[in-house]
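Heads up, the thing below is written out as structure tokens.
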Amino acid sequence: MTRDVVAQGTFDILHPGHVHYLREAKAMGDRLHVIVARSENVTHKAPPVVPDRQRVEMVEALDPVDYARLGHPEDIFVPIEQIEPDVIALGYDQHHEVEGIETALDERGLDCEVRRAGPRKASEEEILSTGSIIEKILDERS
């Protein structure tokens, strides 16, 4: 039986932390579906710089990813209902709480496991945050 995994995120400026998260998510099953947040739905941090369709295209090009799509404009659980995953993989630093997602899944009659990926151990020269990449560009190029 094929196990489907869902990962989700903004994926504004891709970096090694994103690749690590998606590799770990893919290892949790057989097929990896990635839901890319719509710009207008990103409220917990600065809005993305890169347009929605471009972020989907970049994520879809990554080796661990089998399918990528934009999230729903109003309800983050609509794509999950469509995919019916066995696992939802959260990034180690994503703001979502496992218990809250499990409760919402139960309320919708969705039976899937929620797991959190581990952090990537960064070397000194790696930048594992889109915000940090943007800050470095502004510091060095302004």
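If you're wondering about the labels, chains in the structure tokens are A, B, ... by order shown, residues count from 1 in each chain, ligands from 1 in order shown.
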I need the residues of chain A that end up classed as strand (DSSP E) by DSSP on the backbone, written out as a JSON list (two decimals) with N, CA, C and O atoms, in the first residue's frame.
```json
[["chain", "number", "residue", "atom", "x", "y", "z"],
["A", 4, "ASP", "N", 0.94, 8.17, 1.46],
["A", 4, "ASP", "CA", 1.05, 9.55, 1.02],
["A", 4, "ASP", "C", 1.38, 10.45, 2.20],
["A", 4, "ASP", "O", 0.79, 10.32, 3.28],
["A", 5, "VAL", "N", 2.29, 11.37, 1.96],
["A", 5, "VAL", "CA", 2.72, 12.33, 2.98],
["A", 5, "VAL", "C", 2.45, 13.72, 2.44],
["A", 5, "VAL", "O", 2.67, 14.00, 1.26],
["A", 6, "VAL", "N", 1.99, 14.61, 3.33],
["A", 6, "VAL", "CA", 1.81, 16.02, 2.99],
["A", 6, "VAL", "C", 2.79, 16.84, 3.81],
["A", 6, "VAL", "O", 2.90, 16.67, 5.02],
["A", 7, "ALA", "N", 3.48, 17.73, 3.13],
["A", 7, "ALA", "CA", 4.29, 18.75, 3.77],
["A", 7, "ALA", "C", 3.73, 20.09, 3.29],
["A", 7, "ALA", "O", 3.11, 20.17, 2.23],
["A", 8, "GLN", "N", 3.95, 21.12, 4.08],
["A", 8, "GLN", "CA", 3.44, 22.42, 3.67],
["A", 8, "GLN", "C", 4.36, 23.51, 4.16],
["A", 8, "GLN", "O", 5.12, 23.31, 5.10],
["A", 9, "GLY", "N", 4.31, 24.64, 3.47],
["A", 9, "GLY", "CA", 5.14, 25.76, 3.88],
["A", 9, "GLY", "C", 5.04, 26.89, 2.88],
["A", 9, "GLY", "O", 4.34, 26.81, 1.87],
["A", 31, "ARG", "N", 4.93, 8.78, -1.35],
["A", 31, "ARG", "CA", 4.67, 9.92, -2.23],
["A", 31, "ARG", "C", 4.58, 11.17, -1.38],
["A", 31, "ARG", "O", 3.86, 11.18, -0.37],
["A", 32, "LEU", "N", 5.28, 12.22, -1.84],
["A", 32, "LEU", "CA", 5.26, 13.48, -1.11],
["A", 32, "LEU", "C", 4.48, 14.53, -1.88],
["A", 32, "LEU", "O", 4.82, 14.88, -3.01],
["A", 33, "HIS", "N", 3.43, 15.02, -1.26],
["A", 33, "HIS", "CA", 2.61, 16.12, -1.77],
["A", 33, "HIS", "C", 3.00, 17.36, -0.95],
["A", 33, "HIS", "O", 3.01, 17.30, 0.28],
["A", 34, "VAL", "N", 3.29, 18.45, -1.63],
["A", 34, "VAL", "CA", 3.65, 19.68, -0.92],
["A", 34, "VAL", "C", 2.62, 20.75, -1.23],
["A", 34, "VAL", "O", 2.31, 21.02, -2.39],
["A", 35, "ILE", "N", 2.10, 21.33, -0.17],
["A", 35, "ILE", "CA", 1.15, 22.44, -0.28],
["A", 35, "ILE", "C", 1.92, 23.73, 0.00],
["A", 35, "ILE", "O", 2.46, 23.91, 1.08],
["A", 36, "VAL", "N", 1.96, 24.59, -1.00],
["A", 36, "VAL", "CA", 2.67, 25.86, -0.90],
["A", 36, "VAL", "C", 1.66, 26.94, -0.52],
["A", 36, "VAL", "O", 0.63, 27.11, -1.19],
["A", 67, "TYR", "N", 4.43, 15.83, -5.93],
["A", 67, "TYR", "CA", 3.37, 16.75, -6.36],
["A", 67, "TYR", "C", 3.46, 18.03, -5.53],
["A", 67, "TYR", "O", 3.69, 17.97, -4.33],
["A", 68, "ALA", "N", 3.25, 19.16, -6.18],
["A", 68, "ALA", "CA", 3.19, 20.44, -5.46],
["A", 68, "ALA", "C", 1.99, 21.21, -5.96],
["A", 68, "ALA", "O", 1.63, 21.13, -7.14],
["A", 69, "ARG", "N", 1.36, 21.94, -5.05],
["A", 69, "ARG", "CA", 0.18, 22.75, -5.41],
["A", 69, "ARG", "C", 0.07, 23.91, -4.45],
["A", 69, "ARG", "O", 0.61, 23.88, -3.34],
["A", 70, "LEU", "N", -0.68, 24.91, -4.89],
["A", 70, "LEU", "CA", -0.99, 26.04, -4.01],
["A", 70, "LEU", "C", -2.03, 25.62, -3.00],
["A", 70, "LEU", "O", -2.91, 24.80, -3.29],
["A", 87, "VAL", "N", 0.17, 10.68, 6.39],
["A", 87, "VAL", "CA", 1.01, 11.46, 7.31],
["A", 87, "VAL", "C", 1.01, 12.92, 6.90],
["A", 87, "VAL", "O", 1.08, 13.23, 5.70],
["A", 88, "ILE", "N", 0.94, 13.80, 7.89],
["A", 88, "ILE", "CA", 1.23, 15.22, 7.68],
["A", 88, "ILE", "C", 2.56, 15.47, 8.37],
["A", 88, "ILE", "O", 2.69, 15.22, 9.58],
["A", 89, "ALA", "N", 3.52, 15.93, 7.61],
["A", 89, "ALA", "CA", 4.86, 16.19, 8.14],
["A", 89, "ALA", "C", 5.03, 17.69, 8.36],
["A", 89, "ALA", "O", 4.94, 18.47, 7.42],
["A", 90, "LEU", "N", 5.25, 18.07, 9.61],
["A", 90, "LEU", "CA", 5.50, 19.47, 9.93],
["A", 90, "LEU", "C", 7.00, 19.72, 9.99],
["A", 90, "LEU", "O", 7.76, 18.86, 10.44],
["A", 113, "GLU", "N", -1.66, 10.53, 10.55],
["A", 113, "GLU", "CA", -0.68, 10.79, 11.60],
["A", 113, "GLU", "C", -0.05, 12.16, 11.36],
["A", 113, "GLU", "O", 0.15, 12.57, 10.22],
["A", 114, "VAL", "N", 0.25, 12.88, 12.44],
["A", 114, "VAL", "CA", 0.95, 14.15, 12.33],
["A", 114, "VAL", "C", 2.32, 13.97, 12.97],
["A", 114, "VAL", "O", 2.42, 13.57, 14.14],
["A", 115, "ARG", "N", 3.36, 14.22, 12.20],
["A", 115, "ARG", "CA", 4.73, 14.06, 12.68],
["A", 115, "ARG", "C", 5.52, 15.34, 12.41],
["A", 115, "ARG", "O", 5.21, 16.07, 11.49],
["A", 116, "ARG", "N", 6.53, 15.55, 13.21],
["A", 116, "ARG", "CA", 7.38, 16.73, 13.04],
["A", 116, "ARG", "C", 8.78, 16.29, 12.59],
["A", 116, "ARG", "O", 9.36, 15.39, 13.18]]
```
DSSP alpha helix (DSSP H) residues within chain A, listed as an MDAnalysis selection string: chainID A and resid 16:27 52:60 78:83 98:107 130:141
Test item: residues at most 8 Å from Asp111 of chain A, only C-alpha atoms, excluding those fewer than 5 positions along its chain, as a list in words: Asp86, Leu105 and Asp106 of chain A
Residue subset to file, keeping N, CA, C and O atoms, as a PDB file, in the first residue's frame:
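The new file part26.pdb reads:
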```
ATOM      1  N   ASP A  86      -1.632   9.806   4.587  1.00  0.00           N
ATOM      2  CA  ASP A  86      -1.408   8.952   5.753  1.00  0.00           C
ATOM      3  C   ASP A  86      -0.647   9.716   6.828  1.00  0.00           C
ATOM      4  O   ASP A  86      -0.767   9.416   8.006  1.00  0.00           O
ATOM      5  N   LEU A 105      -8.207  17.601  12.311  1.00  0.00           N
ATOM      6  CA  LEU A 105      -8.354  16.409  11.472  1.00  0.00           C
ATOM      7  C   LEU A 105      -9.482  15.523  11.991  1.00  0.00           C
ATOM      8  O   LEU A 105     -10.305  15.023  11.221  1.00  0.00           O
ATOM      9  N   ASP A 106      -9.516  15.312  13.314  1.00  0.00           N
ATOM     10  CA  ASP A 106     -10.580  14.502  13.923  1.00  0.00           C
ATOM     11  C   ASP A 106     -11.955  15.100  13.645  1.00  0.00           C
ATOM     12  O   ASP A 106     -12.896  14.379  13.317  1.00  0.00           O
TER      13      ASP A 106
END
```
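Taking atom CA of Thr130 of chain A and atom CA of Val42 of chain A as endpoints, the distance between them is 13.6 Å.
When only C-alpha atoms are used to compute distances to Ile80 of chain A, the closest of the residues A:Leu110, A:Pro51, A:Glu102, A:Val56 turns out to be A:Leu110.
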Shortest interatomic distance to Pro48 of chain A - which of A:Leu138, A:Phe11, A:Glu60, A:Asp30, counting only C-alpha atoms: A:Phe11
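Each of A:Leu22, A:Ile133, A:Ala122, A:Leu128 was checked against Asp66 of chain A using only C-alpha atoms; the smallest atom-to-atom distance is that of A:Leu22.
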Counting only C-alpha atoms, the option among A:Glu97, A:Val19, A:Ala25, A:Val78 closest to Ala61 of chain A: A:Val19
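Shortest atom-to-atom contact with Gly131 of chain A among A:Gln54, A:Thr10, A:Ser39, A:Gln82: A:Thr10, counting only C-alpha atoms.
Closest approach to Arg3 of chain A among A:Pro16, A:Pro47, A:Pro85, A:Pro73 is made by A:Pro85 (distances from only C-alpha atoms).
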Non-local contacts of Asp93 of chain A (10 Å; only C-alpha atoms; under 2 positions in same chain excluded) as a VMD selection string: chain A and resid 90 to 91 95 to 96 116 to 119
